[in-house]
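Participant: Here it is, the structure in full.
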Amino acid sequence: MNRVKLRFADLEIEFTDRDRGIKQIYEWVERGIRFPLVVFGPEGCGKTAWLKQSIEVLRGLGFEVIYIDPLRKDYIAHTSVESIIRKLAEAAAEAIGIAQIKLATLSIDLVKELISVWNKKRIAILIDEVFQAIGLDKAEIYVKGLLGLIEYPPVNYEKLIAIVATSEGVTRWRIGRHRWANLMPMWNMPKKGFEELYEKIPSPKPLFEEVWELTSGNPGMLSQLYQAKWDLNVIVKNMIEDKKLTPIFINKWRSWLEKAIEDPDVLWDPNVPEDLINELEVKNLIVYFIRDRDLELWIDIPPPERDLELGIGKRVAWQTPLHREAVKRALTEI
Ligand SMILES: Nc1ncnc2c1ncn2[C@@H]1O[C@H](COP(=O)(O)OP(=O)(O)OP(=O)(O)O)[C@@H](O)[C@H]1O
Ligand SMILES: [Mg+2]
C-alpha cells in the first residue's frame, strides 16, 4: 500500500501506523456496508489523515473515489468521469462561504451521477467536517441523504462506501437518534504508532515520554507543540482563549471542574448539570459517554480503559492532557 504524504506543520510526513484502522477499510469493502459511516473523535486525533490514506486504499481496490473537505475548499477526485471533476472545481472556485455549501451539497448529487454513469462499479465518497460547513442542525438530513444513496441507488452498483468525519462531538447525539448511520469513534494514536510519528520530527525535541504525557498520542497536539517550539505555555494560553475559558465559565462550574481535573469520570455523576457537559462538549474539551473498549466498536485502537495520568476515565476523558491543563490553569489564574 502506498502511504500518503501529509502536511505536518512545515513538514511533510508519511502516513504512520493506524494499521488496524486501514485494515478495517478492507474489511468493510469485503463485507459491504449498509449504513454511512460517521467517524467522530477528538480534535486533531487524525481523522483527516486516516480519510486521506483511505483514498489510497480504496483506489487500490478499484474504487472511484471522491474526497471532499468543504471547509478548506479542498477535494480529491479519482474518477475518469470528467464532468464530476469539472463540477467540483467550479464549486470550489466560488466565493468563500458559497463554495463550502456548494461542495457539501454537491457531494451527494455527484455520487448519484457517478453511480448512473459507472453502472456496477465501486464508488466511495469521503467527506470531511461537512457538518461544520452546512450547520450542525442539518447533519441529520445530510446523513439521511447518504443513506438514501446506499439504500435506493439510482441504478445498480457493486459497492458503495460513504464515510463522514467530524470533530463535533455533539453531532453524535443528533445522528445517533436515528438509525441512519453507523457511528464509530476514533481515538488518538496508540503509543507505539505515535512514537513512530514522533521519530519523524526533527530534533531538538523533548523526550518521547514527556510528549506522550502532554498529548496522549494526539498528532494535532504534537504538531502544535512542534510549531510552538515545544513551549507548552503558548499552547495552553491559546487554548484558554480559543475555548473561551472566561471567569464566567470557570466560576460557574468551578467545583465540578476542580474534581474533573483529578478524574474526568466525576462528570459521569448523575448530579452533574447537563449544561456543564454540553458546554464542555461544544468546546471540544472532553469526550463524553465513551463506549466500551471493544475493538469491534472502534476505528483503529480504542483508548485505555482508564488512565488518569492521561486524563482518560472509563466514560469521560479530556481530549488530551493539554486540554485538561488549560482548564487547570484557568482554574488557578481566574
Ligand atoms: N497517522 C498519521 N501519520 C502521520 N501524520 C498524521 C497521522 N495522523 C494525523 N497526522 C497529522 O497530524 C495532524 C492532525 O491530524 P488531522 O488533521 O488528520 O486530525 P483531525 O482529527 O482531522 O483534526 P480536526 O479535528 O482538527 O479536523 C495533521 O498534520 C496530520 O497530517
Ligand atoms: Mg480533520
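The way I read the labels, and the way they are meant: chains A, B, ... in the order of the C-alpha cells, residue 1 as the first residue of every chain, and ligand 1 as the first ligand shown, with later ones counted on from there.
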List every residue of range 187-332 of chain A that DSSP, applied to the backbone, labels as strand (DSSP E or B), and write the result as an MDAnalysis selection string.

Facilitator: chainID A and resid 286:288 299 307 312 316:318

Participant: Give as a PyMOL selection string the residues surrounding ligand 1 up to a distance of 6 Å, considering only C-alpha atoms and all ligand atoms.

Facilitator: chain A and resi 6-8+13-18+43-49+167+219-220

Participant: Figure out the distance between CA of Arg34 in chain A and CA of Ala104 in chain A, please, to one decimal in Å.

Facilitator: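 Calculated distance between CA of Ala104 in chain A and CA of Arg34 in chain A is 21.7 Å.
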
Participant: Here is a test: counting only C-alpha atoms and all ligand atoms, which residue of A:Glu274, A:Asp265, A:Glu113, A:Asp74 is nearest to ligand 2?

Facilitator: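 Using only C-alpha atoms and all ligand atoms, the shortest distance to ligand 2 belongs to A:Asp74.
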
Participant: Could you pull the residues within 10 Å of Glu333 in chain A, counting only C-alpha atoms, minus those fewer than 5 positions along the same chain, as a ChimeraX atom specification?

Facilitator: /A:247,327-328

Participant: Could you save those same residues with C-alpha atoms as a short mmCIF file (atom, residue, chain, number, x, y, z; two decimals), in the first residue's frame?

Facilitator:
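Saved as selection.cif:
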data_model
loop_
_atom_site.label_atom_id
_atom_site.label_comp_id
_atom_site.auth_asym_id
_atom_site.auth_seq_id
_atom_site.Cartn_x
_atom_site.Cartn_y
_atom_site.Cartn_z
CA PRO A 247 -14.15 33.90 34.57
CA VAL A 327 -8.77 24.15 32.34
CA LYS A 328 -6.45 23.60 35.31
#

Participant: CA of Gly169 in chain A and CA of Leu297 in chain A, how far apart in Å?

Facilitator: 16.6 Å

Participant: Compile the contact shell of Glu305 in chain A as an MDAnalysis selection string: residues with an atom at most 8 Å away, counting only C-alpha atoms, same-chain residues fewer than 6 positions apart removed.

Facilitator: chainID A and resid 293 312:314

Participant: Name the residues in contact with range 126-133 of chain A at a cut-off of 6 Å, using only C-alpha atoms, excluding same-chain residues fewer than 3 positions from it; report them as a PyMOL selection string.

Facilitator: chain A and resi 67-69+71+100+136+139+162-166

Participant: With N, CA, C and O atoms retained, export the selected residues as a CSV table (one decimal), in the first residue's frame.

Facilitator:
chain,number,residue,atom,x,y,z
A,67,TYR,N,-13.2,12.6,-2.5
A,67,TYR,CA,-13.0,13.1,-1.1
A,67,TYR,C,-13.3,14.6,-1.2
A,67,TYR,O,-12.8,15.3,-2.0
A,68,ILE,N,-14.1,15.0,-0.2
A,68,ILE,CA,-14.4,16.5,-0.2
A,68,ILE,C,-14.2,17.0,1.2
A,68,ILE,O,-14.7,16.4,2.2
A,69,ASP,N,-13.5,18.1,1.3
A,69,ASP,CA,-13.3,18.8,2.6
A,69,ASP,C,-13.9,20.2,2.4
A,69,ASP,O,-13.1,21.1,2.0
A,71,LEU,N,-14.9,22.7,4.2
A,71,LEU,CA,-14.4,23.8,5.0
A,71,LEU,C,-13.1,24.4,4.4
A,71,LEU,O,-13.0,25.6,4.3
A,100,GLN,N,-18.2,26.5,0.3
A,100,GLN,CA,-18.4,25.4,1.3
A,100,GLN,C,-19.7,24.7,1.2
A,100,GLN,O,-19.8,23.5,1.2
A,136,LEU,N,-24.7,22.4,12.0
A,136,LEU,CA,-24.9,21.2,12.8
A,136,LEU,C,-26.4,20.8,12.7
A,136,LEU,O,-26.7,19.6,12.8
A,139,ALA,N,-27.2,18.2,10.0
A,139,ALA,CA,-26.4,17.0,10.0
A,139,ALA,C,-27.2,15.7,9.7
A,139,ALA,O,-26.9,14.9,8.9
A,162,ALA,N,-19.6,5.1,2.0
A,162,ALA,CA,-19.7,6.5,2.3
A,162,ALA,C,-19.2,6.8,3.8
A,162,ALA,O,-19.7,6.1,4.7
A,163,ILE,N,-18.2,7.6,3.9
A,163,ILE,CA,-17.7,7.9,5.2
A,163,ILE,C,-17.7,9.4,5.5
A,163,ILE,O,-17.2,10.2,4.6
A,164,VAL,N,-18.1,9.8,6.6
A,164,VAL,CA,-18.1,11.2,7.1
A,164,VAL,C,-17.3,11.3,8.3
A,164,VAL,O,-17.4,10.5,9.2
A,165,ALA,N,-16.4,12.3,8.4
A,165,ALA,CA,-15.6,12.5,9.7
A,165,ALA,C,-16.0,13.8,10.3
A,165,ALA,O,-16.3,14.8,9.6
A,166,THR,N,-16.1,13.8,11.6
A,166,THR,CA,-16.5,15.0,12.3
A,166,THR,C,-15.8,15.1,13.7
A,166,THR,O,-15.6,14.1,14.4

Participant: Write out as a ChimeraX atom specification each polymer residue whose atoms come within 12 Å of Ile55 in chain A, counting only C-alpha atoms; drop sequence neighbours fewer than 5 positions from it.

Facilitator: /A:1-4,22,25-26,48-50,60-68,75-79,123-127,161-163

Participant: Neighbours of range 189-203 of chain A within 12 Å (only C-alpha atoms; same-chain residues fewer than 3 positions away dropped), as a ChimeraX atom specification?

Facilitator: /A:6,8-21,41-42,44-47,49-50,186,206-213,215-223,225-227,229-230,299-304,310,320

Participant: Could you find all residues in range 177-298 of chain A that DSSP calls alpha helix (DSSP H) from the backbone, and write them as number ranges by chain?

Facilitator: A: 191-199, 208-215, 219-227, 232-242, 247-262, 274-282
